[in-house]
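Coordinates as given in structure.txt (compact mmCIF, C-alpha atoms):
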# COMPACT_ATOMS: atom_id res chain seq x y z
CA MET Q 1 99.92 88.92 112.77
CA THR Q 2 103.50 88.11 111.92
CA GLU Q 3 103.79 85.85 108.93
CA ILE Q 4 105.34 82.55 109.97
CA ASP Q 5 108.04 81.36 107.65
CA PHE Q 6 107.11 77.94 106.37
CA GLN Q 7 110.67 76.71 105.99
CA LEU Q 8 111.53 77.80 109.50
CA LEU Q 9 108.49 76.02 110.81
CA VAL Q 10 109.46 72.82 109.04
CA GLU Q 11 113.02 72.99 110.30
CA GLN Q 12 111.87 73.58 113.86
CA TYR Q 13 109.17 70.98 114.14
CA TYR Q 14 109.34 68.29 111.53
CA LEU Q 15 111.57 66.02 113.61
CA PRO Q 16 109.45 66.00 116.78
CA LEU Q 17 106.30 65.82 114.73
CA TYR Q 18 107.56 62.82 112.82
CA ARG Q 19 108.66 61.11 116.04
CA PHE Q 20 105.35 61.85 117.65
CA GLY Q 21 103.64 60.34 114.63
CA LEU Q 22 105.97 57.36 114.72
CA SER Q 23 105.19 56.65 118.34
CA LEU Q 24 101.50 56.82 117.56
CA THR Q 25 101.52 54.68 114.45
CA HIS Q 26 104.73 52.69 114.78
CA GLN Q 27 104.94 52.87 111.00
CA GLN Q 28 107.52 55.08 109.34
CA SER Q 29 105.40 55.65 106.26
CA GLU Q 30 102.36 56.56 108.32
CA ALA Q 31 104.39 58.87 110.51
CA ALA Q 32 105.80 60.58 107.42
CA ASP Q 33 102.30 60.87 105.96
CA LEU Q 34 100.99 62.37 109.18
CA THR Q 35 103.83 64.87 109.21
CA GLN Q 36 103.24 65.79 105.59
CA HIS Q 37 99.53 66.10 106.17
CA THR Q 38 100.21 68.38 109.11
CA PHE Q 39 102.37 70.78 107.13
CA HIS Q 40 100.04 70.57 104.16
CA THR Q 41 97.19 71.60 106.40
CA TRP Q 42 99.35 74.41 107.72
CA ALA Q 43 100.04 75.56 104.18
CA LEU Q 44 96.32 75.74 103.55
CA LYS Q 45 94.98 76.94 106.86
CA GLY Q 46 97.91 78.13 108.92
CA HIS Q 47 97.24 81.72 107.96
CA GLN Q 48 94.03 81.52 109.97
CA LEU Q 49 96.01 81.15 113.17
CA ARG Q 50 95.83 84.49 114.90
CA ASP Q 51 98.50 83.87 117.51
CA PRO Q 52 101.85 82.88 115.95
CA THR Q 53 103.07 81.58 119.30
CA LYS Q 54 100.49 78.82 119.01
CA ALA Q 55 101.98 77.42 115.82
CA LYS Q 56 103.78 74.57 117.59
CA THR Q 57 100.69 73.47 119.51
CA TRP Q 58 98.63 73.86 116.35
CA LEU Q 59 100.94 71.52 114.43
CA PHE Q 60 100.95 68.80 117.08
CA THR Q 61 97.20 69.11 117.55
CA THR Q 62 96.64 68.79 113.82
CA LEU Q 63 98.81 65.71 113.60
CA TYR Q 64 97.14 64.10 116.57
CA ARG Q 65 93.64 64.81 115.29
CA LYS Q 66 94.55 63.42 111.91
CA PHE Q 67 95.85 60.32 113.60
CA LEU Q 68 92.64 59.95 115.60
CA ALA Q 69 90.51 60.56 112.54
CA GLU Q 70 92.32 57.98 110.49
CA LYS Q 71 92.47 55.32 113.10
CA ARG Q 72 89.11 56.13 114.62
CA TYR Q 73 90.66 55.70 117.99
CA ALA Q 74 88.77 58.51 119.63
CA ASP Q 75 85.92 56.30 120.81
CA ARG Q 76 88.35 53.83 122.28
CA PHE Q 77 89.83 56.33 124.67
CA VAL Q 78 88.61 56.05 128.20
CA ASP Q 79 87.93 59.40 129.71
CA SER Q 80 87.45 58.41 133.31
CA GLU Q 81 90.65 58.38 135.28
CA THR Q 82 90.57 55.62 137.83
CA GLU Q 83 94.31 55.45 138.25
CA LEU Q 84 94.96 58.71 140.01
CA LEU Q 85 96.77 57.03 142.85
CA PHE Q 86 100.50 57.39 142.96
CA VAL Q 87 102.17 54.49 141.24
CA GLU Q 88 105.53 53.54 142.52
CA PRO Q 89 107.93 53.49 139.60
CA ALA Q 90 109.95 50.36 139.14
CA PRO Q 91 113.68 50.86 139.60
CA PHE Q 92 115.41 51.10 136.30
CA PRO Q 93 118.66 49.19 136.07
CA SER Q 94 121.33 51.61 134.99
CA ALA Q 95 122.89 48.86 132.90
CA MET Q 96 119.83 48.99 130.68
CA ALA Q 97 120.84 52.43 129.52
CA ASP Q 98 123.73 50.93 127.58
CA VAL Q 99 121.61 48.40 125.73
CA LEU Q 100 118.60 50.58 125.06
CA ASP Q 101 118.28 51.99 121.60
CA ALA Q 102 115.74 54.26 119.98
CA GLY Q 103 114.00 51.33 118.32
CA THR Q 104 113.43 49.59 121.63
CA VAL Q 105 112.12 52.73 123.24
CA LEU Q 106 109.76 53.31 120.35
CA ARG Q 107 108.60 49.72 120.36
CA GLU Q 108 107.85 49.82 124.07
CA LEU Q 109 106.18 53.19 123.73
CA HIS Q 110 103.95 51.69 121.12
CA THR Q 111 102.90 48.89 123.43
CA LEU Q 112 101.55 51.41 125.92
CA GLU Q 113 97.83 51.93 125.97
CA ASP Q 114 96.68 54.58 123.53
CA ARG Q 115 95.76 57.00 126.24
CA TYR Q 116 99.24 56.89 127.76
CA ARG Q 117 101.26 56.74 124.56
CA ALA Q 118 100.51 60.19 123.22
CA PRO Q 119 101.10 62.17 126.42
CA VAL Q 120 104.21 60.18 127.31
CA THR Q 121 105.68 60.68 123.85
CA LEU Q 122 104.92 64.40 123.91
CA PHE Q 123 106.52 64.55 127.34
CA TYR Q 124 109.71 62.88 126.14
CA LEU Q 125 109.93 64.97 123.02
CA ARG Q 126 110.59 67.82 125.44
CA GLN Q 127 108.81 70.32 123.28
CA HIS Q 128 105.78 71.05 125.38
CA SER Q 129 104.57 72.11 128.76
CA TYR Q 130 101.86 70.10 130.48
CA ARG Q 131 99.41 72.78 129.48
CA GLU Q 132 100.39 72.51 125.85
CA ILE Q 133 100.10 68.74 125.94
CA ALA Q 134 96.64 69.17 127.42
CA GLU Q 135 95.75 71.49 124.55
CA ILE Q 136 97.10 69.14 121.92
CA LEU Q 137 95.30 66.12 123.31
CA ASP Q 138 92.25 68.11 124.34
CA ILE Q 139 92.15 66.70 127.82
CA PRO Q 140 92.43 68.37 131.24
CA ILE Q 141 95.90 69.14 132.50
CA GLY Q 142 95.38 66.93 135.53
CA THR Q 143 94.56 64.04 133.24
CA VAL Q 144 97.71 64.74 131.25
CA MET Q 145 99.84 64.59 134.38
CA SER Q 146 98.27 61.42 135.62
CA ARG Q 147 98.55 59.73 132.23
CA ILE Q 148 102.17 60.73 131.88
CA HIS Q 149 102.88 59.42 135.35
CA ARG Q 150 101.12 56.14 134.70
CA GLY Q 151 102.56 55.83 131.22
CA LYS Q 152 106.09 56.46 132.39
CA ALA Q 153 105.70 53.89 135.15
CA GLU Q 154 104.51 51.32 132.64
CA LEU Q 155 107.25 52.16 130.23
CA ARG Q 156 109.83 51.93 132.92
CA ALA Q 157 108.51 48.58 134.02
CA ARG Q 158 108.53 47.25 130.48
CA LEU Q 159 112.03 48.48 129.80
CA GLY Q 160 113.47 47.55 133.16
CA GLY Q 161 111.51 44.42 133.88
CA THR Q 162 108.84 44.51 136.52
CA ASP Q 163 109.85 41.24 138.14
CA SER Q 164 113.38 42.28 138.81
CA ALA Q 165 112.12 45.52 140.22
CA ARG Q 166 109.82 43.69 142.60
CA ARG Q 167 112.66 41.46 143.66
CA GLN Q 168 114.81 44.47 144.41
CA ARG Q 169 112.06 46.04 146.48
CA ALA Q 170 111.52 42.76 148.36
CA MET Q 171 115.18 42.69 149.30
CA ALA Q 172 115.02 46.20 150.73
CA PRO Q 173 111.73 46.33 152.68
CA GLY Q 174 112.84 49.24 154.82
CA LYS Q 175 112.69 51.53 151.82
CA GLU Q 176 109.10 50.67 151.00
CA ALA Q 177 107.66 53.08 153.53
CA GLY Q 178 109.79 55.93 152.30
CA TYR Q 179 107.77 56.75 149.23
CA GLY Q 180 104.99 54.25 149.12
CA MET H 181 106.33 67.00 170.12
CA ASP H 182 109.27 67.10 167.73
CA LYS H 183 109.90 65.02 164.61
CA SER H 184 112.00 62.42 166.43
CA GLU H 185 109.33 61.77 168.96
CA PRO H 186 106.90 59.08 167.83
CA SER H 187 103.21 59.82 167.87
CA PRO H 188 101.31 58.08 170.71
CA PRO H 189 100.25 54.96 168.79
CA LEU H 190 103.77 54.42 167.46
CA LYS H 191 105.25 54.72 170.91
CA ILE H 192 104.11 51.13 171.46
CA TYR H 193 106.59 50.00 168.84
CA ARG H 194 109.22 52.62 169.31
CA ALA H 195 109.29 52.65 173.09
CA GLU H 196 112.36 50.48 173.15
CA GLN H 197 114.14 52.39 170.42
CA SER H 198 116.80 54.84 171.28
CA SER H 199 117.03 58.17 169.54
CA GLU H 200 120.09 56.85 167.70
CA GLU H 201 117.98 54.07 166.13
CA VAL H 202 115.31 56.47 165.04
CA ALA H 203 117.72 58.91 163.46
CA PRO H 204 118.89 56.70 160.55
CA ALA H 205 115.24 56.03 159.61
CA GLU H 206 114.62 59.75 159.40
CA THR H 207 117.70 60.21 157.29
CA ASP H 208 116.59 57.40 155.03
CA LYS H 209 113.15 58.94 154.60
CA GLU H 210 114.76 62.09 153.28
CA THR H 211 117.29 60.46 150.99
CA VAL H 212 114.96 57.96 149.33
CA PRO H 213 112.78 60.58 147.57
CA ALA H 214 115.96 62.33 146.47
CA GLN H 215 117.30 59.08 145.07
CA TRP H 216 114.00 58.34 143.45
CA TRP H 217 113.91 61.81 141.92
CA ALA H 218 117.44 61.46 140.61
CA GLY H 219 116.59 58.08 139.11
CA GLU H 220 113.48 59.51 137.60
CA GLN H 221 115.46 62.32 136.02
CA GLU H 222 118.02 59.90 134.68
CA PHE H 223 115.34 57.69 133.22
CA ASP H 224 113.51 60.63 131.64
CA GLN H 225 116.71 61.96 130.17
CA LEU H 226 117.63 58.59 128.75
CA ILE H 227 114.23 57.96 127.18
CA GLY H 228 114.06 61.49 125.88
CA LEU H 229 117.47 61.17 124.24
CA LYS H 230 116.61 57.81 122.72
CA LEU H 231 113.32 59.08 121.40
CA GLN H 232 114.93 62.15 119.97
CA SER H 233 117.56 60.06 118.25
CA THR H 234 114.93 58.15 116.30
CA PRO H 235 116.05 58.23 112.67
CA VAL H 236 113.90 60.24 110.29
CA PRO H 237 113.55 59.49 106.58
CA GLY H 238 116.22 61.46 104.79
CA ASP H 239 113.92 62.94 102.18
CA LEU H 240 111.16 63.94 104.57
CA LYS H 241 112.37 67.48 105.05
CA SER H 242 112.78 68.11 101.34
CA ARG H 243 109.32 66.67 100.72
CA LEU H 244 107.86 68.96 103.35
CA LEU H 245 109.58 71.98 101.91
CA GLU H 246 108.00 71.19 98.55
CA ILE H 247 104.52 71.58 100.00
CA PRO H 248 104.18 75.34 99.51
CA LYS H 249 104.96 74.89 95.82
CA VAL H 250 102.08 72.51 95.32
CA THR H 251 99.67 74.15 97.71
CA SER H 252 97.79 77.28 96.99
CA PHE H 253 98.38 79.95 99.55
CA PRO H 254 95.16 81.89 99.80
CA ARG H 255 96.59 84.49 102.08
CA THR H 256 99.71 85.04 100.05
CA TRP H 257 97.75 85.32 96.86
CA VAL H 258 95.17 87.52 98.41
CA ARG H 259 97.91 89.73 99.77
CA ARG H 260 99.59 89.94 96.42
CA LEU H 261 96.38 90.55 94.56
CA LEU H 262 94.90 92.90 97.09
CA PRO H 263 96.74 96.02 95.91
CA ILE H 264 95.92 95.19 92.30
CA ALA H 265 92.29 94.56 93.17
CA ALA H 266 92.16 97.77 95.19
CA LEU H 267 93.65 99.67 92.28
CA LEU H 268 91.15 98.19 89.86
CA ILE H 269 88.29 99.02 92.17
CA ALA H 270 89.57 102.55 92.66
CA LEU H 271 89.89 103.00 88.91
CA ALA H 272 86.43 101.58 88.38
CA VAL H 273 84.98 103.89 90.99
CA PHE H 274 86.90 106.85 89.65
CA PHE H 275 85.95 106.30 86.05
CA GLY H 276 82.46 105.33 87.11
CA SER H 277 82.12 108.63 88.90
CA TRP H 278 83.77 110.41 86.03
CA ARG H 279 81.38 108.79 83.64
CA GLY H 280 78.53 109.54 85.97
CA LEU H 281 79.54 113.15 86.24
CA PHE H 282 80.05 113.73 82.58
CA GLN H 283 77.68 111.27 81.08
CA PRO H 284 74.92 113.11 79.35
CA SER H 285 71.79 112.95 81.43
CA VAL H 286 69.16 110.62 80.18
CA SER H 287 66.77 112.76 78.32
CA LEU H 288 63.06 112.50 78.48
CA ALA H 289 63.12 111.94 74.73
CA ASP H 290 65.33 108.84 75.22
CA TYR H 291 63.05 107.48 77.84
CA ARG H 292 59.99 108.16 75.80
CA ALA H 293 61.42 106.60 72.68
CA GLU H 294 62.52 103.49 74.51
CA MET H 295 59.19 102.99 76.22
CA VAL H 296 57.24 103.47 73.03
CA SER H 297 59.53 101.10 71.18
CA PHE H 298 58.73 98.54 73.80
CA ILE H 299 54.96 98.71 73.43
CA ARG H 300 55.24 98.58 69.67
CA ILE H 301 56.04 94.91 69.96
CA ASP H 302 52.90 94.24 71.97
CA PRO H 303 54.44 93.15 75.29
CA VAL H 304 53.13 90.24 77.28
CA LEU H 305 51.79 91.23 80.68
CA GLU H 306 53.32 89.65 83.78
CA MET H 307 50.18 90.00 85.77
CA GLU H 308 46.63 90.37 84.48
CA ALA H 309 43.90 91.76 86.70
CA PRO H 310 41.00 94.13 86.21
CA ASP H 311 41.60 95.53 89.67
CA LEU H 312 44.10 98.34 90.15
CA SER H 313 44.65 97.53 93.81
CA ARG H 314 45.71 93.97 92.90
CA ILE H 315 48.02 95.34 90.27
CA THR H 316 49.66 97.79 92.64
CA GLY H 317 49.94 95.04 95.22
CA PHE H 318 51.85 92.93 92.74
CA LEU H 319 54.07 95.86 91.81
CA GLU H 320 54.80 96.65 95.42
CA SER H 321 55.83 93.08 96.16
CA ALA H 322 58.16 93.21 93.16
CA GLY H 323 59.76 96.46 94.26
CA ALA H 324 58.49 98.41 91.28
CA PRO H 325 56.83 101.84 91.53
CA SER H 326 53.43 101.07 92.99
CA ARG H 327 52.21 104.06 94.96
CA LEU H 328 50.60 105.77 92.09
CA ARG H 329 48.88 109.10 91.97
CA LEU H 330 46.92 108.80 88.79
CA PRO H 331 44.75 111.38 87.13
CA GLN H 332 41.28 110.83 88.52
CA LYS H 333 39.70 110.06 85.21
CA LEU H 334 42.11 107.42 84.12
CA PRO H 335 41.12 104.49 86.31
CA GLN H 336 37.52 105.57 86.30
CA VAL H 337 37.15 105.58 82.56
CA LEU H 338 39.65 102.90 81.59
CA PRO H 339 39.59 99.45 83.11
CA PRO H 340 43.05 98.17 83.98
CA LEU H 341 44.08 94.96 82.28
CA GLY H 342 47.37 94.13 83.94
CA CYS H 343 50.95 95.13 84.35
CA ARG H 344 54.54 94.37 83.60
CA ILE H 345 57.79 95.53 85.12
CA LEU H 346 60.40 96.93 82.75
CA HIS H 347 63.90 98.21 83.36
CA PHE H 348 65.39 101.48 82.26
CA ARG H 349 68.96 102.45 83.26
CA GLY H 350 68.87 99.95 86.07
CA GLN H 351 65.60 101.18 87.48
CA HIS H 352 62.24 99.47 87.60
CA VAL H 353 59.61 100.92 85.35
CA THR H 354 56.02 100.06 85.98
CA LEU H 355 53.88 99.46 82.93
CA ILE H 356 50.13 99.28 83.43
CA CYS H 357 47.86 98.60 80.49
CA PHE H 358 44.35 99.98 80.30
CA GLY H 359 41.79 98.85 77.76
CA ARG H 360 39.98 101.43 75.71
CA GLU H 361 36.40 101.01 74.68
CA GLU H 362 37.55 101.10 71.08
CA GLY H 363 39.58 97.97 71.69
CA ASP H 364 43.04 99.47 71.67
CA LEU H 365 45.22 100.08 74.68
CA VAL H 366 46.53 102.92 76.78
CA HIS H 367 49.90 102.32 78.42
CA LEU H 368 51.05 104.00 81.54
CA PHE H 369 54.74 103.99 82.47
CA VAL H 370 55.87 105.06 85.92
CA VAL H 371 59.48 105.46 86.92
CA ASN H 372 61.41 107.15 89.69
CA ARG H 373 62.06 110.71 88.70
CA ALA H 374 65.73 110.38 89.60
CA VAL H 375 66.23 108.37 86.42
CA LEU H 376 65.34 111.47 84.46
CA PRO H 377 67.38 114.19 86.15
CA ARG H 378 66.25 116.81 83.69
CA LEU H 379 62.76 116.43 84.98
CA ARG H 380 61.99 118.48 88.04
CA GLU H 381 59.26 118.15 90.54
CA SER H 382 57.97 121.44 89.27
CA ASP H 383 57.44 119.92 85.84
CA LYS H 384 53.94 119.02 86.74
CA ALA H 385 52.55 120.38 83.56
CA ILE H 386 51.74 117.66 81.10
CA GLN H 387 54.01 117.57 78.08
CA TYR H 388 52.57 116.05 74.96
CA ARG H 389 54.93 114.67 72.35
CA ALA H 390 54.36 112.48 69.34
CA GLU H 391 56.58 109.47 69.03
CA GLY H 392 55.93 108.20 65.58
CA GLU H 393 52.30 107.15 65.38
CA TRP H 394 52.06 107.21 69.16
CA MET H 395 51.09 110.15 71.28
CA THR H 396 52.73 110.50 74.64
CA ALA H 397 51.94 112.60 77.68
CA THR H 398 54.57 113.12 80.40
CA TRP H 399 54.32 114.71 83.83
CA VAL H 400 55.86 114.57 87.26
CA GLU H 401 53.98 113.80 90.42
CA GLY H 402 56.00 113.66 93.60
CA GLU H 403 59.06 111.50 93.10
CA GLN H 404 57.67 109.73 90.10
CA ALA H 405 57.59 110.48 86.42
CA TYR H 406 54.53 109.36 84.50
CA LEU H 407 54.32 108.58 80.80
CA LEU H 408 50.99 107.82 79.18
CA THR H 409 50.85 106.61 75.60
CA VAL H 410 48.21 105.76 73.12
CA GLU H 411 48.30 105.03 69.44
CA GLY H 412 46.72 108.03 67.88
CA ASP H 413 46.52 111.74 68.37
CA ARG H 414 46.73 114.03 71.34
CA ALA H 415 42.97 114.19 71.77
CA LYS H 416 42.94 110.51 72.57
CA LEU H 417 45.04 111.17 75.64
CA GLU H 418 43.73 114.50 76.70
CA LYS H 419 40.33 113.15 77.52
CA TYR H 420 41.83 110.95 80.20
CA LEU H 421 44.05 113.63 81.65
CA THR H 422 41.94 116.70 81.75
CA SER H 423 39.82 117.22 84.77
CA SER H 424 36.81 118.47 82.89
Can I see the file as structure tokens?
Amino acid sequence: MTEIDFQLLVEQYYLPLYRFGLSLTHQQSEAADLTQHTFHTWALKGHQLRDPTKAKTWLFTTLYRKFLAEKRYADRFVDSETELLFVEPAPFPSAMADVLDAGTVLRELHTLEDRYRAPVTLFYLRQHSYREIAEILDIPIGTVMSRIHRGKAELRARLGGTDSARRQRAMAPGKEAGYG
Amino acid sequence: MDKSEPSPPLKIYRAEQSSEEVAPAETDKETVPAQWWAGEQEFDQLIGLKLQSTPVPGDLKSRLLEIPKVTSFPRTWVRRLLPIAALLIALAVFFGSWRGLFQPSVSLADYRAEMVSFIRIDPVLEMEAPDLSRITGFLESAGAPSRLRLPQKLPQVLPPLGCRILHFRGQHVTLICFGREEGDLVHLFVVNRAVLPRLRESDKAIQYRAEGEWMTATWVEGEQAYLLTVEGDRAKLEKYLTSS
């Protein structure tokens, strides 16, 4: 197996890992601790990884498991997916783009239910395929897709304002049937 | 039926509609998903950019890069030490073989002297039993030489008292004590013949040698070398070893 350069690994993944941790914990210190723990674990056990191409998934999985272990959130996750129906996303006012900042996005991400927050964050970090997210979170790929869809819809509603979205849809009833 | 033609139930509502009225609805149905998709992409891009612009503690990277310095790297160390370890092992094997090849063979005299020196201090028996089969059972379970082919007279004339397992050059040596009617003891040592390479299977003839005040008798039987000792002269041993 090719030896993976530790420094290269840090440079490649410490930012998304920290941001993933931050979205999970909403605490900078905890996110930094999670990131450090992840690379520390890599330093100790990374050599056991047989496939170097799995290093990225391994890092995110390690961070997520550490988060679950510390917060003991695992038993709070609901495995059954009852929300598989298509959820119409609320229109997002383009004006919001100008006033949105990273802090707001993170804050709203953190208000999402646990089960949506992790997949949605991993999705927006743009580091992973659906399959990789499924591996990291140890859930089926279909569940990942549905949680991302639901999570994004909720996030969009929170950021854009659900009421205004409903009003807009009420004013244009002809468009309801188009994608309802 | 083409796309513009309503299905039978819908004809109730669309009967009055002209094809021109239907057409914009069809157009709308195609553009709305496209608009939705574009909006979705825009939203995703925006959130992704915002999330990826989240500030990160300035010292985090340097702290992370310090980790290898404070963490042991088993693999790295193993890799670095492996050639050294391999070299040491090779040297050990080489010199071990060398030593084995050129080390003087253990002589029968050495073996004899060491065994006699042991019984001089009146050893404590590990297992006491007047029954030879129990003794050999114990020896067998301990991995010591136990399948004995003793001179016929020996167990008939001398009652066994017990046994002890000794070690000579890394090999088990069986010691069985027999009680003489005079009150003293006869000691029988049995060891794998391989420990005494100078002994051959053909050396079946009994060799008598005095070791200080002790008389010893040595012979080979199969893969085992036997050593019988008694405090006294040769005659004391001969009567147990001769067939007459």
When the cut-off is 8 Å and we count all atoms listed in the file, which residues of chain Q are near chain H, given as a PDB file with C-alpha atoms, keeping the file's coordinate frame?
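Output (part.pdb):
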ATOM      1  CA  PHE Q   6     107.110  77.940 106.370  1.00  0.00           C
ATOM      2  CA  GLN Q   7     110.670  76.710 105.990  1.00  0.00           C
ATOM      3  CA  VAL Q  10     109.460  72.820 109.040  1.00  0.00           C
ATOM      4  CA  GLU Q  11     113.020  72.990 110.300  1.00  0.00           C
ATOM      5  CA  TYR Q  14     109.340  68.290 111.530  1.00  0.00           C
ATOM      6  CA  LEU Q  15     111.570  66.020 113.610  1.00  0.00           C
ATOM      7  CA  PRO Q  16     109.450  66.000 116.780  1.00  0.00           C
ATOM      8  CA  TYR Q  18     107.560  62.820 112.820  1.00  0.00           C
ATOM      9  CA  ARG Q  19     108.660  61.110 116.040  1.00  0.00           C
ATOM     10  CA  GLN Q  28     107.520  55.080 109.340  1.00  0.00           C
ATOM     11  CA  ALA Q  32     105.800  60.580 107.420  1.00  0.00           C
ATOM     12  CA  GLN Q  36     103.240  65.790 105.590  1.00  0.00           C
ATOM     13  CA  PHE Q  39     102.370  70.780 107.130  1.00  0.00           C
ATOM     14  CA  HIS Q  40     100.040  70.570 104.160  1.00  0.00           C
ATOM     15  CA  ALA Q  43     100.040  75.560 104.180  1.00  0.00           C
ATOM     16  CA  LEU Q  44      96.320  75.740 103.550  1.00  0.00           C
ATOM     17  CA  HIS Q  47      97.240  81.720 107.960  1.00  0.00           C
ATOM     18  CA  PRO Q  91     113.680  50.860 139.600  1.00  0.00           C
ATOM     19  CA  PHE Q  92     115.410  51.100 136.300  1.00  0.00           C
ATOM     20  CA  ALA Q  97     120.840  52.430 129.520  1.00  0.00           C
ATOM     21  CA  LEU Q 100     118.600  50.580 125.060  1.00  0.00           C
ATOM     22  CA  ASP Q 101     118.280  51.990 121.600  1.00  0.00           C
ATOM     23  CA  ALA Q 102     115.740  54.260 119.980  1.00  0.00           C
ATOM     24  CA  GLY Q 103     114.000  51.330 118.320  1.00  0.00           C
ATOM     25  CA  VAL Q 105     112.120  52.730 123.240  1.00  0.00           C
ATOM     26  CA  LEU Q 106     109.760  53.310 120.350  1.00  0.00           C
ATOM     27  CA  TYR Q 124     109.710  62.880 126.140  1.00  0.00           C
ATOM     28  CA  LEU Q 125     109.930  64.970 123.020  1.00  0.00           C
ATOM     29  CA  ARG Q 126     110.590  67.820 125.440  1.00  0.00           C
ATOM     30  CA  ARG Q 156     109.830  51.930 132.920  1.00  0.00           C
ATOM     31  CA  LYS Q 175     112.690  51.530 151.820  1.00  0.00           C
ATOM     32  CA  GLY Q 178     109.790  55.930 152.300  1.00  0.00           C
ATOM     33  CA  TYR Q 179     107.770  56.750 149.230  1.00  0.00           C
TER      34      TYR Q 179
END
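Put simply, CA of Thr398 (chain H) is 20.6 Å away from CA of Pro303 (chain H).
In this structure, CA of Leu24 (chain Q) sits 15.2 Å away from CA of Arg147 (chain Q).
Between CA of Thr57 (chain Q) and CA of Glu30 (chain Q) lies a distance of 20.3 Å.
Among the candidates H:Gly392, H:Gly412, H:Gly350, H:Gly238, the one nearest to Val371 (chain H) when counting only C-alpha atoms is H:Gly350.
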key: Polymer residues at most 8 Å from Ala324 (chain H), only C-alpha atoms, same-chain spacing of 5 or more positions, as a PyMOL selection string   = chain H and resi 319+345+352-354
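If you measure from each of Q:Gln127, Q:Phe20, Q:Asp51, Q:Lys45 to Leu63 (chain Q) using all atoms listed in the file, the closest one turns out to be Q:Phe20.
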Worksheet item: Leaving out region 373-389 of chain H and any residue of its chain fewer than 4 positions from it, which residues lie within 7 Å of it when counting all atoms listed in the file, given as number ranges by chain?
Response: H: 285-288, 395-405
message: I'd like the contact shell of Ile299 (chain H) - 12 Å cut-off, only C-alpha atoms, skipping same-chain residues fewer than 4 positions apart - returned as a PyMOL selection string.
response: chain H and resi 292-295+303-305+344+346+355-357+365-369+391+393-394+408-411
